[in-house]
Structure formats: structure tokens, C-alpha cells
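**Student:** If it helps, the file is called protein.txt and holds compact mmCIF, C-alpha atoms and all ligand atoms:
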# COMPACT_ATOMS: atom_id res chain seq x y z
CA MET A 1 66.66 37.28 48.45
CA PHE A 2 68.98 35.44 46.15
CA ALA A 3 70.63 33.46 48.92
CA LYS A 4 67.29 32.55 50.35
CA LEU A 5 66.06 31.30 47.05
CA ALA A 6 69.25 29.53 46.15
CA GLY A 7 68.07 26.61 48.25
CA THR A 8 65.05 26.20 46.05
CA HIS A 9 66.90 25.91 42.77
CA CYS A 10 66.24 22.98 40.57
CA THR A 11 68.45 19.95 40.69
CA LEU A 12 69.54 18.64 37.37
CA ILE A 13 70.97 15.27 38.00
CA SER A 14 71.48 13.34 34.94
CA THR A 15 74.69 13.52 33.07
CA ALA A 16 76.89 15.18 35.69
CA ALA A 17 79.69 12.77 34.83
CA GLY A 18 79.73 13.29 31.11
CA LEU A 19 78.86 16.92 30.52
CA SER A 20 80.61 19.02 27.94
CA ARG A 21 81.81 22.48 28.94
CA ALA A 22 79.08 24.03 26.83
CA ALA A 23 76.47 21.97 28.58
CA ARG A 24 77.90 22.91 31.96
CA SER A 25 77.77 26.60 31.23
CA PHE A 26 74.34 26.05 29.82
CA ILE A 27 73.26 24.50 33.08
CA SER A 28 74.66 27.29 35.25
CA ASN A 29 72.88 29.85 33.07
CA PHE A 30 69.84 27.73 33.30
CA LEU A 31 70.02 27.58 37.11
CA ILE A 32 70.24 31.36 37.33
CA LEU A 33 67.28 31.62 35.01
CA LEU A 34 65.42 29.10 37.07
CA VAL A 35 66.06 30.88 40.36
CA PHE A 36 64.67 33.96 38.69
CA LEU A 37 61.63 32.06 37.52
CA VAL A 38 61.03 30.55 40.93
CA ALA A 39 61.37 34.01 42.48
CA ALA A 40 58.83 35.34 40.02
CA ALA A 41 56.47 32.53 40.85
CA VAL A 42 56.87 33.12 44.59
CA THR A 43 56.44 36.90 44.48
CA SER A 44 53.39 36.71 42.25
CA ALA A 45 51.88 34.76 45.15
CA ALA A 46 50.60 32.11 42.82
CA VAL A 47 48.69 29.97 45.26
CA ALA A 48 46.98 27.77 42.68
CA ALA A 49 48.70 24.44 42.05
CA PRO A 50 50.68 24.40 38.81
CA SER A 51 48.96 22.56 35.98
CA VAL A 52 50.37 20.55 33.13
CA THR A 53 48.14 21.33 30.17
CA GLY A 54 50.03 19.53 27.43
CA MET A 55 52.73 16.93 26.89
CA ARG A 56 54.56 16.01 23.68
CA VAL A 57 57.28 13.57 22.72
CA GLY A 58 59.14 14.39 19.50
CA GLN A 59 61.44 11.85 17.91
CA HIS A 60 64.36 13.54 16.09
CA PRO A 61 67.21 11.76 14.26
CA ASP A 62 69.72 12.52 17.03
CA LYS A 63 67.53 12.99 20.07
CA THR A 64 64.11 12.68 21.64
CA ARG A 65 62.54 15.91 22.87
CA ILE A 66 59.97 15.77 25.67
CA VAL A 67 57.94 18.92 26.31
CA PHE A 68 55.50 19.74 29.09
CA ASP A 69 53.26 22.82 28.91
CA LEU A 70 52.91 24.38 32.35
CA THR A 71 50.81 27.18 33.84
CA GLN A 72 53.76 28.34 35.94
CA ALA A 73 57.48 27.77 36.42
CA VAL A 74 58.16 24.82 38.68
CA GLU A 75 61.04 23.09 40.37
CA PHE A 76 61.86 19.76 38.82
CA GLN A 77 64.21 16.90 39.36
CA ILE A 78 65.31 14.21 36.95
CA ILE A 79 66.25 10.69 38.01
CA LEU A 80 67.46 7.87 35.76
CA LEU A 81 66.58 4.33 36.80
CA PRO A 82 67.76 1.03 35.29
CA ASP A 83 66.00 -2.35 34.86
CA PRO A 84 64.12 -1.29 32.80
CA TYR A 85 65.61 2.00 31.61
CA ARG A 86 63.38 4.72 33.05
CA LEU A 87 63.32 8.50 33.00
CA VAL A 88 61.69 9.85 36.16
CA ILE A 89 60.67 13.51 36.43
CA ASP A 90 59.57 14.78 39.83
CA LEU A 91 57.54 17.97 40.01
CA PRO A 92 55.62 19.74 42.74
CA GLU A 93 52.04 18.53 43.16
CA ILE A 94 50.52 19.03 39.72
CA ASP A 95 46.96 19.55 38.66
CA TRP A 96 46.96 17.34 35.53
CA LYS A 97 44.87 18.84 32.78
CA LEU A 98 45.69 16.43 29.99
CA SER A 99 42.85 15.32 27.82
CA GLU A 100 44.73 12.84 25.65
CA GLU A 101 45.44 9.29 26.70
CA MET A 102 48.96 8.40 27.69
CA PRO A 103 50.81 8.06 24.40
CA ALA A 104 52.23 4.62 23.73
CA GLY A 105 55.57 4.59 21.92
CA LYS A 106 55.93 2.79 18.62
CA SER A 107 58.58 0.13 18.41
CA GLY A 108 62.00 1.66 17.82
CA GLN A 109 61.08 4.92 19.53
CA GLN A 110 62.96 5.91 22.67
CA VAL A 111 59.91 6.61 24.87
CA GLN A 112 57.95 3.36 25.05
CA SER A 113 55.30 4.26 27.59
CA LEU A 114 54.57 6.97 30.05
CA ARG A 115 52.55 7.44 33.19
CA TYR A 116 52.05 10.25 35.67
CA GLY A 117 50.32 11.01 38.92
CA LEU A 118 50.75 11.86 42.57
CA PHE A 119 53.81 10.12 43.98
CA GLN A 120 53.67 11.36 47.56
CA PRO A 121 52.03 14.36 49.21
CA GLY A 122 53.41 17.44 47.48
CA VAL A 123 55.23 15.56 44.72
CA SER A 124 53.93 14.54 41.32
CA ARG A 125 55.92 12.11 39.20
CA VAL A 126 56.18 11.26 35.53
CA VAL A 127 57.74 7.89 34.68
CA MET A 128 58.81 7.08 31.13
CA ASP A 129 59.86 3.60 30.11
CA MET A 130 62.68 3.92 27.61
CA ALA A 131 63.69 1.52 24.88
CA ARG A 132 67.45 2.00 25.26
CA PRO A 133 70.05 3.49 27.60
CA PHE A 134 70.02 7.25 27.30
CA ALA A 135 71.58 10.48 28.53
CA VAL A 136 69.78 13.70 29.38
CA GLN A 137 71.42 16.28 27.10
CA GLU A 138 69.46 19.26 28.27
CA ALA A 139 66.61 20.01 30.62
CA PHE A 140 65.34 23.54 30.92
CA LEU A 141 62.34 25.77 31.51
CA LEU A 142 61.15 28.30 28.98
CA PRO A 143 59.00 31.25 30.04
CA PRO A 144 55.94 32.27 28.01
CA GLY A 145 56.83 34.05 24.80
CA GLU A 146 56.69 31.90 21.72
CA THR A 147 53.82 30.07 23.38
CA PRO A 148 51.39 31.37 26.01
CA HIS A 149 52.56 28.87 28.65
CA HIS A 150 55.72 27.92 30.46
CA ARG A 151 57.46 24.90 29.03
CA LEU A 152 59.69 22.23 30.52
CA VAL A 153 61.89 20.79 27.78
CA ILE A 154 63.95 17.63 28.20
CA ASP A 155 66.22 16.32 25.45
CA VAL A 156 67.51 12.78 25.70
CA ALA A 157 69.95 11.02 23.39
CA PRO A 158 71.11 7.41 23.19
CA SER A 159 74.09 6.44 25.36
CA SER A 160 75.90 3.27 26.37
CA PRO A 161 74.77 1.03 29.25
CA ASP A 162 77.89 2.03 31.26
CA GLN A 163 77.31 5.74 30.73
CA PHE A 164 73.70 5.28 31.67
CA MET A 165 74.58 3.50 34.91
CA ALA A 166 77.05 6.23 35.89
CA ALA A 167 74.46 8.92 35.21
CA SER A 168 71.82 6.93 37.08
CA ARG A 169 74.02 6.63 40.16
CA ALA A 170 74.81 10.34 40.04
CA SER A 171 71.13 11.19 39.76
CA MET A 172 70.29 8.97 42.74
CA ALA A 173 73.10 10.45 44.84
CA ALA A 174 71.98 14.01 44.16
CA ARG A 175 68.33 13.25 44.65
CA ARG A 176 66.47 15.26 47.23
CA SER A 177 62.87 15.46 48.24
CA LEU A 178 60.68 18.02 46.54
CA ALA A 179 58.05 17.33 49.18
CA PRO A 180 57.21 19.93 51.79
CA ALA A 181 58.79 19.06 55.16
CA THR A 182 57.01 16.05 56.61
CA PRO A 183 57.25 14.61 60.10
CA GLN A 184 59.69 11.74 60.55
CA ALA A 185 58.25 8.34 59.78
CA PRO A 186 57.53 6.50 63.01
CA PRO A 187 59.89 3.61 63.77
CA PRO A 188 58.78 0.10 62.77
CA ILE A 189 56.74 -1.72 65.33
CA PRO A 190 58.24 -4.87 66.86
CA PHE A 191 56.25 -8.04 66.28
CA ALA A 192 53.98 -8.35 69.27
CA GLU A 193 50.34 -8.80 70.05
CA THR A 194 48.63 -5.48 69.39
CA PRO A 195 46.45 -4.47 72.32
CA ARG A 196 42.74 -4.30 71.56
CA ARG A 197 41.28 -0.84 71.24
CA ALA A 198 39.63 0.65 74.31
CA ASP A 199 36.30 0.80 72.46
CA GLY A 200 36.55 -2.93 71.66
CA LYS A 201 36.40 -2.35 67.90
CA ARG A 202 38.38 -4.59 65.58
CA VAL A 203 40.83 -2.79 63.32
CA VAL A 204 40.62 -3.70 59.63
CA ALA A 205 42.98 -2.35 56.96
CA ILE A 206 41.65 -2.00 53.42
CA ASP A 207 44.26 -1.53 50.74
CA PRO A 208 43.03 -0.02 47.46
CA GLY A 209 45.55 -1.38 44.95
CA HIS A 210 47.75 0.95 42.84
CA GLY A 211 47.26 4.75 42.78
CA GLY A 212 48.88 7.97 41.61
CA VAL A 213 51.60 7.33 39.07
CA ASP A 214 50.67 3.61 39.00
CA PRO A 215 47.27 3.23 37.30
CA GLY A 216 47.13 -0.57 37.52
CA ALA A 217 45.19 -2.40 34.82
CA ILE A 218 43.19 -0.46 32.25
CA GLY A 219 39.60 -1.48 31.62
CA VAL A 220 37.85 -1.95 28.28
CA SER A 221 36.12 1.43 28.72
CA GLY A 222 39.40 3.09 29.68
CA ILE A 223 38.83 3.17 33.45
CA TYR A 224 41.88 2.52 35.61
CA GLU A 225 42.13 -0.23 38.21
CA LYS A 226 43.26 2.40 40.76
CA GLU A 227 39.88 4.16 40.45
CA ILE A 228 37.84 0.96 40.93
CA THR A 229 39.87 -0.17 43.94
CA LEU A 230 39.56 3.19 45.71
CA ALA A 231 35.81 3.44 45.10
CA MET A 232 35.37 -0.12 46.36
CA ALA A 233 37.53 0.50 49.45
CA LYS A 234 35.53 3.58 50.43
CA GLN A 235 32.23 1.71 50.15
CA LEU A 236 33.57 -1.20 52.16
CA LYS A 237 34.86 1.14 54.87
CA GLN A 238 31.47 2.78 55.16
CA ILE A 239 29.63 -0.53 55.49
CA LEU A 240 32.07 -1.88 58.07
CA GLU A 241 32.06 1.27 60.18
CA ARG A 242 28.29 1.58 60.07
CA SER A 243 28.09 -1.82 61.77
CA GLY A 244 29.74 -0.25 64.82
CA LYS A 245 32.08 -3.24 65.14
CA TYR A 246 35.08 -2.02 63.16
CA HIS A 247 37.59 0.72 62.93
CA VAL A 248 38.67 0.82 59.28
CA LEU A 249 41.78 2.38 57.85
CA LEU A 250 42.60 2.78 54.19
CA THR A 251 46.21 2.56 53.02
CA ARG A 252 45.38 5.43 50.68
CA GLU A 253 42.42 7.79 50.73
CA ARG A 254 43.06 9.47 47.40
CA ASP A 255 44.75 9.04 44.04
CA ILE A 256 48.31 8.75 45.32
CA PHE A 257 51.15 6.25 44.88
CA VAL A 258 51.96 4.14 47.96
CA ARG A 259 54.86 1.71 48.00
CA LEU A 260 54.00 -1.94 48.53
CA ARG A 261 55.88 -2.29 51.81
CA GLU A 262 54.47 1.02 53.07
CA ARG A 263 50.99 -0.38 52.61
CA PHE A 264 51.31 -3.03 55.27
CA ALA A 265 53.52 -0.77 57.40
CA ILE A 266 50.50 1.54 57.63
CA ALA A 267 48.30 -1.40 58.62
CA ARG A 268 50.72 -2.55 61.35
CA ARG A 269 51.23 0.95 62.73
CA GLU A 270 47.49 1.24 63.24
CA GLY A 271 47.22 -2.19 64.85
CA ALA A 272 45.22 -3.80 62.04
CA GLU A 273 44.08 -7.36 62.71
CA LEU A 274 43.15 -8.03 59.11
CA PHE A 275 44.50 -6.71 55.82
CA ILE A 276 42.52 -6.81 52.58
CA SER A 277 44.16 -5.68 49.36
CA LEU A 278 41.71 -4.86 46.55
CA HIS A 279 42.57 -5.28 42.87
CA ALA A 280 40.97 -5.94 39.49
CA ASP A 281 42.88 -7.92 36.92
CA SER A 282 43.22 -7.62 33.17
CA ILE A 283 44.28 -10.36 30.76
CA LYS A 284 44.37 -11.11 27.05
CA ASN A 285 41.48 -13.57 27.17
CA LYS A 286 38.57 -11.11 27.18
CA GLY A 287 36.07 -13.91 27.84
CA LEU A 288 37.43 -14.69 31.29
CA ARG A 289 35.54 -13.20 34.22
CA GLY A 290 34.98 -13.74 37.91
CA LEU A 291 36.31 -12.91 41.33
CA SER A 292 39.18 -14.66 43.09
CA VAL A 293 40.91 -14.41 46.44
CA TYR A 294 44.63 -14.95 46.98
CA SER A 295 46.55 -15.68 50.12
CA LEU A 296 50.29 -15.79 50.57
CA SER A 297 52.44 -18.85 50.18
CA GLU A 298 56.05 -19.60 49.32
CA THR A 299 54.99 -21.51 46.25
CA ALA A 300 52.21 -20.45 43.95
CA SER A 301 49.28 -22.82 43.50
CA ASP A 302 49.57 -22.54 39.72
CA ALA A 303 51.39 -20.72 36.96
CA GLU A 304 48.59 -18.18 36.50
CA ALA A 305 48.66 -17.23 40.18
CA GLU A 306 52.43 -16.84 39.98
CA ALA A 307 52.15 -14.65 36.87
CA LEU A 308 49.57 -12.47 38.59
CA ALA A 309 51.75 -12.09 41.68
CA GLN A 310 54.64 -11.05 39.49
CA LYS A 311 52.46 -8.48 37.75
CA GLU A 312 51.20 -6.99 41.04
CA ASN A 313 54.67 -7.06 42.59
CA LYS A 314 55.87 -4.72 39.86
CA ALA A 315 53.89 -1.78 41.29
CA ASP A 316 56.96 -0.16 42.85
CA LEU A 317 58.85 -0.49 39.59
CA ILE A 318 55.96 1.10 37.72
CA GLY A 319 55.88 3.95 40.23
CA GLY A 320 59.53 4.77 39.47
CA ILE A 321 61.15 3.39 42.60
CA ASP A 322 64.83 2.46 42.61
CA LEU A 323 64.77 -1.12 43.83
CA SER A 324 68.54 -1.68 43.60
CA THR A 325 69.15 -0.26 47.08
CA GLU A 326 66.32 -2.16 48.72
CA SER A 327 67.32 -4.69 51.30
CA PRO A 328 66.05 -8.15 50.44
CA GLU A 329 62.81 -9.25 52.03
CA VAL A 330 63.34 -9.85 55.72
CA THR A 331 63.78 -13.55 56.27
CA ASN A 332 64.53 -13.77 59.93
CA ILE A 333 63.36 -16.95 61.53
CA LEU A 334 60.95 -15.38 63.99
CA ILE A 335 59.19 -13.63 61.19
CA ASN A 336 58.97 -16.89 59.29
CA LEU A 337 57.36 -18.54 62.27
CA ALA A 338 54.89 -15.71 62.76
CA GLN A 339 54.20 -15.77 59.07
CA ARG A 340 53.37 -19.47 59.02
CA GLU A 341 50.66 -19.00 61.61
CA THR A 342 49.43 -15.92 59.83
CA MET A 343 49.32 -17.84 56.54
CA ASN A 344 46.91 -20.35 58.07
CA ASP A 345 44.67 -17.54 59.28
CA SER A 346 44.92 -15.85 55.90
CA ALA A 347 43.88 -19.02 54.07
CA ARG A 348 41.00 -19.51 56.50
CA PHE A 349 39.84 -15.94 55.96
CA ALA A 350 40.09 -16.33 52.16
CA ALA A 351 37.81 -19.37 52.30
CA MET A 352 35.31 -17.52 54.51
CA LEU A 353 35.28 -14.56 52.13
CA LEU A 354 34.58 -16.75 49.13
CA LYS A 355 31.72 -18.47 50.93
CA GLU A 356 30.09 -15.07 51.50
CA LEU A 357 30.85 -13.80 48.00
CA ASP A 358 29.68 -16.89 46.14
CA PRO A 359 25.99 -15.86 46.16
CA VAL A 360 26.67 -12.27 45.02
CA ALA A 361 29.48 -12.45 42.45
CA PRO A 362 30.64 -14.80 39.72
CA LEU A 363 33.69 -16.61 41.02
CA LEU A 364 36.64 -17.67 38.99
CA ARG A 365 37.18 -21.41 38.73
CA ARG A 366 39.59 -22.38 41.55
CA SER A 367 38.74 -19.09 43.20
CA HIS A 368 41.11 -19.43 46.15
CA ARG A 369 44.73 -19.45 45.08
CA PHE A 370 48.12 -19.07 46.70
CA ALA A 371 51.01 -16.94 45.52
CA GLY A 372 53.87 -14.74 46.70
CA PHE A 373 52.35 -11.26 46.64
CA ALA A 374 54.68 -8.64 48.14
CA VAL A 375 51.73 -6.72 49.52
CA LEU A 376 50.65 -9.75 51.58
CA LYS A 377 53.99 -10.18 53.36
CA ALA A 378 52.85 -8.63 56.61
CA PRO A 379 54.19 -11.33 58.91
CA ASP A 380 51.73 -10.86 61.73
CA VAL A 381 48.54 -9.64 60.07
CA PRO A 382 46.29 -12.14 58.28
CA SER A 383 46.13 -10.79 54.75
CA VAL A 384 44.37 -11.55 51.49
CA LEU A 385 44.31 -10.04 48.06
CA VAL A 386 40.95 -9.89 46.31
CA GLU A 387 40.85 -9.66 42.53
CA LEU A 388 37.34 -8.26 42.20
CA GLY A 389 36.98 -9.24 38.57
CA PHE A 390 38.54 -8.72 35.15
CA LEU A 391 38.68 -5.20 33.73
CA SER A 392 39.44 -6.87 30.38
CA ASN A 393 35.96 -8.44 30.44
CA ALA A 394 33.13 -6.12 29.35
CA VAL A 395 30.59 -7.53 31.84
CA ASP A 396 32.92 -7.55 34.85
CA GLU A 397 34.11 -4.07 34.00
CA ARG A 398 30.60 -2.65 33.68
CA ASN A 399 29.66 -4.26 36.99
CA LEU A 400 32.70 -2.89 38.78
CA ARG A 401 31.97 0.62 37.53
CA ASP A 402 28.48 0.30 39.04
CA ALA A 403 28.25 1.49 42.66
CA ARG A 404 25.31 -0.86 43.35
CA TYR A 405 27.29 -3.91 42.27
CA ARG A 406 30.24 -2.78 44.38
CA GLU A 407 27.83 -2.38 47.30
CA LYS A 408 26.83 -6.05 46.94
CA LEU A 409 30.47 -7.10 46.85
CA ALA A 410 31.26 -4.92 49.88
CA ARG A 411 28.45 -6.57 51.85
CA GLY A 412 29.81 -9.99 50.93
CA ILE A 413 33.31 -9.02 52.04
CA ALA A 414 31.91 -7.58 55.27
CA GLY A 415 30.15 -10.91 55.86
CA GLY A 416 33.46 -12.72 55.47
CA ILE A 417 35.10 -10.35 57.95
CA ASP A 418 32.30 -10.97 60.47
CA ALA A 419 32.73 -14.72 60.06
CA PHE A 420 36.50 -14.50 60.53
CA PHE A 421 36.33 -12.53 63.78
CA ALA A 422 33.50 -14.73 65.08
CA PHE A 423 35.83 -17.69 64.52
CA LYS A 424 38.75 -15.91 66.25
CA ASP A 425 36.53 -15.08 69.22
CA SER A 426 35.30 -18.67 69.50
CA VAL A 427 38.91 -19.95 69.45
CA SER A 428 40.09 -17.50 72.10
CA ARG A 429 37.15 -18.40 74.36
CA SER A 430 37.72 -22.15 74.17
ZN ZN B 501 46.28 -4.80 40.73
Please render this file's structure as C-alpha cells.
**Tutor:**
Amino acid sequence: MFAKLAGTHCTLISTAAGLSRAARSFISNFLILLVFLVAAAVTSAAVAAPSVTGMRVGQHPDKTRIVFDLTQAVEFQIILLPDPYRLVIDLPEIDWKLSEEMPAGKSGQQVQSLRYGLFQPGVSRVVMDMARPFAVQEAFLLPPGETPHHRLVIDVAPSSPDQFMAASRASMAARRSLAPATPQAPPPIPFAETPRRADGKRVVAIDPGHGGVDPGAIGVSGIYEKEITLAMAKQLKQILERSGKYHVLLTRERDIFVRLRERFAIARREGAELFISLHADSIKNKGLRGLSVYSLSETASDAEAEALAQKENKADLIGGIDLSTESPEVTNILINLAQRETMNDSARFAAMLLKELDPVAPLLRRSHRFAGFAVLKAPDVPSVLVELGFLSNAVDERNLRDARYREKLARGIAGGIDAFFAFKDSVSRS
């Protein structure tokens, strides 16, 4: 029993390099305790997903204590990420039962901001942005006793940048997946013409921006961008499929985090001929409203477009992804060539979309812009990013929360898709 369960013990990967003897013995005691707790959880056949019912951050003179209230003992894993300093806590898929808003840290406090959500199937993630380099002093589970629930307690204390980097590397090296075994990801598809489907339907990929641990922008009423984009994507899929002309795939079907590059990998795997990423922006100027469409280019058409691209490109960072090991964007010459042709198609499609959307939605001045969005770098699939409106504007936000307004937008987008494929068909016939 013990041996069998030993594989399921928690990984504490934080300060392996700089642990005191007391801390080390603490951790081994803690692991034994944890194995016991996991065993208890398994044998009680608790089938319900664990819930987090409370979360607190306490600032003490010498440390910051982070506490999660849990309905059952869980495995957890701690990862430290630099640029910016982040504390990442992976848990099994959690049913979040938190009523309070995400607490925002005051200046000077260690925890500056915090977000949580589904990271991948079976794994929930909490990401905390930290003000300074830090070390995890202790991380342990407490069974019910003093309080009616289980608690996960994490103490962090300030450290030096060098110590932080060493601990971060150790945490990355020891990282393992908490996800249930998943089939191997299929190999990437070489760049080639995708054969048309036997039923003659065009394949369209709709990408609801953000999701899971990455909420995106926050609206004036408190709604998250990730909720608007998913609702919009589902409506658009329904309209397109009802026409009988399209097979539509969504890059996410629920509130889950999907990496930027995985989004267009999904589209390519399924043979998508068009990729539409849906977003809703938020800015300081609350008076600004309107829809805009972006297509990819090396150089942004203006500073605002560039700033927006930078904001959207941060999604992986926000989701708690270590970007230091990422290979740079592929820049092989064939891909560049394919991309140039695709960029023309993308720009054409953006113009067609705006023509259809003009009668149904307020458009931003200079509504078609160009910028380097990571999510649009699918070299062989014409791709656009639609900013549906501004969640910082009360009117836009109210509209976007309204299913009837989204229906109008979806019909406009569907019209643009029809126009694009009609054009492609006319070109291939001539
Ligand atoms: Zn967005």
C-alpha cells in the first residue's frame, strides 16, 4: 500500500538548494503525513472534485503566509518562475468556491496579484505575481482540527535574485505533471495543402481568447473577457454549422487555459482554412468603444496596435508558463514565404469582415490594423484577431454581455466568412 502510494506523494520543489536541516526533516515528515492524507482521501473513495472554499494572504514582518481552505487533502506542486517573479501552485482539478474577488496586493506587499483556474485537463493552477525574489520556506497540508477544513499553507520569505533563480531552476527540473495520463500529442503537421473534407465543408477554427487561469480583461461590471469570448465563439459556431457549409472547431470548449501556440496547432491539426481569434479589450479611456480587426504583420500599423499585441502576447506569461526554455519563433524561410501569402489572405479577410460588421456594430476608427500577435502566427492559415469591443466601456460591455447583440455580431462575422470563401472559390476557378 505504502509503496503503491509513494508514487503519488507531493513534490515540493522550491528551495531544495538552500534548505536547512530542520526544514529538510520537516519536509520528510511532511511527505509521510501527506502520503497518509492521500491514502485517506483515496480509501474514503471521495469521488467529488476537491474544492477550494477560501484563500488568504497574510503579510508578517518576516514572511508572507498563503493559506487555501480545501474540502479534502490534495497533491500539490510548487514552481517558481522569473520575469516577473511568480509563485505557481498546481493542484488537481479544483472546484473553485471562492466568493471574493481576487485580492490585489498593496504596494510593498509580496503578493501583488493572483489568479486561478483550469490550466489543463485535470490540473488547476494558481499564479501569484510577486513583488520581489522569494524563497518557499514551508509548504504543508493541515488536516481538519483547528478548522473544519483541510488547509494548504505556504510560507514565503524574501531572498536574493541568485537564490531565487537557483530555486526556480530546481523547481522546473523536478516538475512533473499532475494531470491524469493523456495520450501523446500528435506530431506537428508539415506545411502542405490540407485536403478538403469528403463532405465538402470548409473548416473554420474559432479561438475564444484567454481562459482558465488567464481571465483576460475585466469588464466594468466585473465580467471576464474569457467568458465573453467563449460565449461569442459558441454562438458563432452554431450559426456557421447551421448553414451546412462549415465544420467549426473551437480551440477551447470550456473555461480552460490554452497556450498561444497550442491554439493554432489545434487549428492546423484539424485542417482549418481560416482562424478567427476572439477578444475584447480594456483600456484606461473609458469613453472609447467599437470593434476592430487585426491581421498579422512584422511591423505594427501604429503604437496602439503594437501595445495591444504586446498585451495579448502576454497570455502565456499570465498563465504561469516558463518561457525561458521556449525556442524562438520559427523563422525558417519557407515558413516566411508561406506566411507572406497568408498575410495577404488574412488582410483581405479582415477587410471583408469589417464590411459585414459595419452595419451591425460600432467600429473603432481605423478599424483594420496590423500587429505582431503571437496567436496569429499560423504560417499557412489565414488568421485574424477580432477585438469585439471595449470591456472598459459601459455600453460596449453591456452589449457584449447580451446574447442578442452577440448574435448580431456572429451573423456579421459569418457573412465575412462566406464572402472570403466565395472569393477563394472564384480565384481557384479562374
Ligand atoms: Zn484578449
**Student:** Any residue with an atom at most 9 Å from ligand ZN 501 (chain B) counts, using all atoms listed in the file. Which are they? Put them as a ChimeraX atom specification.
**Tutor:** /A:208-210,215-217,225-226,229,277-282,308,311-313,315,387
**Student:** Could you name the residues that touch A:Ile66 at 12 Å or less, counting only C-alpha atoms, but leaving out those on the same chain fewer than 3 positions away, as a PyMOL selection string?
**Tutor:** chain A and resi 54-60+63+69+87+89+110-111+114+126+128+136-141+151-157
**Student:** Could the residues in this selection be saved with C-alpha atoms as a PDB file, keeping the file's coordinate frame?
**Tutor:**
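Output file out_36.pdb follows:
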ATOM      1  CA  GLY A  54      50.030  19.530  27.430  1.00  0.00           C
ATOM      2  CA  MET A  55      52.730  16.930  26.890  1.00  0.00           C
ATOM      3  CA  ARG A  56      54.560  16.010  23.680  1.00  0.00           C
ATOM      4  CA  VAL A  57      57.280  13.570  22.720  1.00  0.00           C
ATOM      5  CA  GLY A  58      59.140  14.390  19.500  1.00  0.00           C
ATOM      6  CA  GLN A  59      61.440  11.850  17.910  1.00  0.00           C
ATOM      7  CA  HIS A  60      64.360  13.540  16.090  1.00  0.00           C
ATOM      8  CA  LYS A  63      67.530  12.990  20.070  1.00  0.00           C
ATOM      9  CA  ASP A  69      53.260  22.820  28.910  1.00  0.00           C
ATOM     10  CA  LEU A  87      63.320   8.500  33.000  1.00  0.00           C
ATOM     11  CA  ILE A  89      60.670  13.510  36.430  1.00  0.00           C
ATOM     12  CA  GLN A 110      62.960   5.910  22.670  1.00  0.00           C
ATOM     13  CA  VAL A 111      59.910   6.610  24.870  1.00  0.00           C
ATOM     14  CA  LEU A 114      54.570   6.970  30.050  1.00  0.00           C
ATOM     15  CA  VAL A 126      56.180  11.260  35.530  1.00  0.00           C
ATOM     16  CA  MET A 128      58.810   7.080  31.130  1.00  0.00           C
ATOM     17  CA  VAL A 136      69.780  13.700  29.380  1.00  0.00           C
ATOM     18  CA  GLN A 137      71.420  16.280  27.100  1.00  0.00           C
ATOM     19  CA  GLU A 138      69.460  19.260  28.270  1.00  0.00           C
ATOM     20  CA  ALA A 139      66.610  20.010  30.620  1.00  0.00           C
ATOM     21  CA  PHE A 140      65.340  23.540  30.920  1.00  0.00           C
ATOM     22  CA  LEU A 141      62.340  25.770  31.510  1.00  0.00           C
ATOM     23  CA  ARG A 151      57.460  24.900  29.030  1.00  0.00           C
ATOM     24  CA  LEU A 152      59.690  22.230  30.520  1.00  0.00           C
ATOM     25  CA  VAL A 153      61.890  20.790  27.780  1.00  0.00           C
ATOM     26  CA  ILE A 154      63.950  17.630  28.200  1.00  0.00           C
ATOM     27  CA  ASP A 155      66.220  16.320  25.450  1.00  0.00           C
ATOM     28  CA  VAL A 156      67.510  12.780  25.700  1.00  0.00           C
ATOM     29  CA  ALA A 157      69.950  11.020  23.390  1.00  0.00           C
TER      30      ALA A 157
END
**Student:** Using Å and a single decimal, report how far atom CA of A:Asn393 sits from atom CA of A:Val220.
**Tutor:**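 Separation between atom CA of A:Val220 and atom CA of A:Asn393: 7.1 Å.
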**Student:** Write out as a CSV table (one decimal) with C-alpha atoms, in the coordinates of the input the residues lying within 8 Å of A:Ile318, counting only C-alpha atoms and excluding same-chain residues fewer than 3 positions away.
**Tutor:**
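Once written, around_15.csv looks like this:
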chain,number,residue,atom,x,y,z
A,127,VAL,CA,57.7,7.9,34.7
A,213,VAL,CA,51.6,7.3,39.1
A,214,ASP,CA,50.7,3.6,39.0
A,314,LYS,CA,55.9,-4.7,39.9
A,315,ALA,CA,53.9,-1.8,41.3
A,321,ILE,CA,61.2,3.4,42.6
**Student:** Please identify all polymer residues within 12 Å of A:Lys286, counting all atoms listed in the file, omitting same-chain residues fewer than 3 positions from it, and present them as a list in words.
**Tutor:**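 So the residues in contact are Gly219, Val220, Asp281, Ser282, Ile283, Arg289, Gly290, Gly389, Phe390, Leu391, Ser392, Asn393, Ala394, Val395, Asp396 and Glu397 of chain A.
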**Student:** Out of A:Pro379, A:Gly117, A:Pro359, A:Gly415, which residue has the shortest atom-to-atom distance to A:Ala265 when counting all atoms listed in the file?
**Tutor:**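 Checking each of A:Pro379, A:Gly117, A:Pro359, A:Gly415 against A:Ala265, counting all atoms listed in the file, the winner is A:Pro379.
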**Student:** If you measure from atom CA of A:Arg365 to atom CA of A:Ala305, what distance in Å do you get, rounded to one decimal?
**Tutor:**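 We find that atom CA of A:Arg365 and atom CA of A:Ala305 lie 12.3 Å from each other.
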**Student:** Report, in Å with one decimal, the straight-line distance from atom CA of A:Gly319 to atom CA of A:Phe257.
**Tutor:** 7.0 Å
**Student:** What lies within 8 Å of A:Thr342 using all atoms listed in the file, ignoring chain neighbours under 3 positions off, as a VMD selection string?
**Tutor:** chain A and resid 338 to 339 345 to 346 379 to 383
**Student:** Please provide as a ChimeraX atom specification all residues within 9 Å of A:Lys377, with the sequence filter that same-chain residues fewer than 5 positions apart are discarded (counting only C-alpha atoms).
**Tutor:** /A:261,264,296,329,339,372,383
**Student:** Go through A:Arg369, A:Arg242, A:Gly320, A:Ile417 and flag the residue nearest A:Asp302, using all atoms listed in the file for the distances.
**Tutor:**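 Of all the options, A:Arg369 lies closest to A:Asp302.
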**Student:** Rank A:Arg169, A:Arg86, A:Pro180, A:Pro148 by their smallest atom-to-atom distance to A:Gly122, using only C-alpha atoms, and report the top residue only.
**Tutor:** A:Pro180
**Student:** Nearest to A:Glu407: which of A:Val258, A:Leu240, A:Ala350, A:Ala174 is it, counting all atoms listed in the file?
**Tutor:**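 The closest residue to A:Glu407 is A:Leu240.
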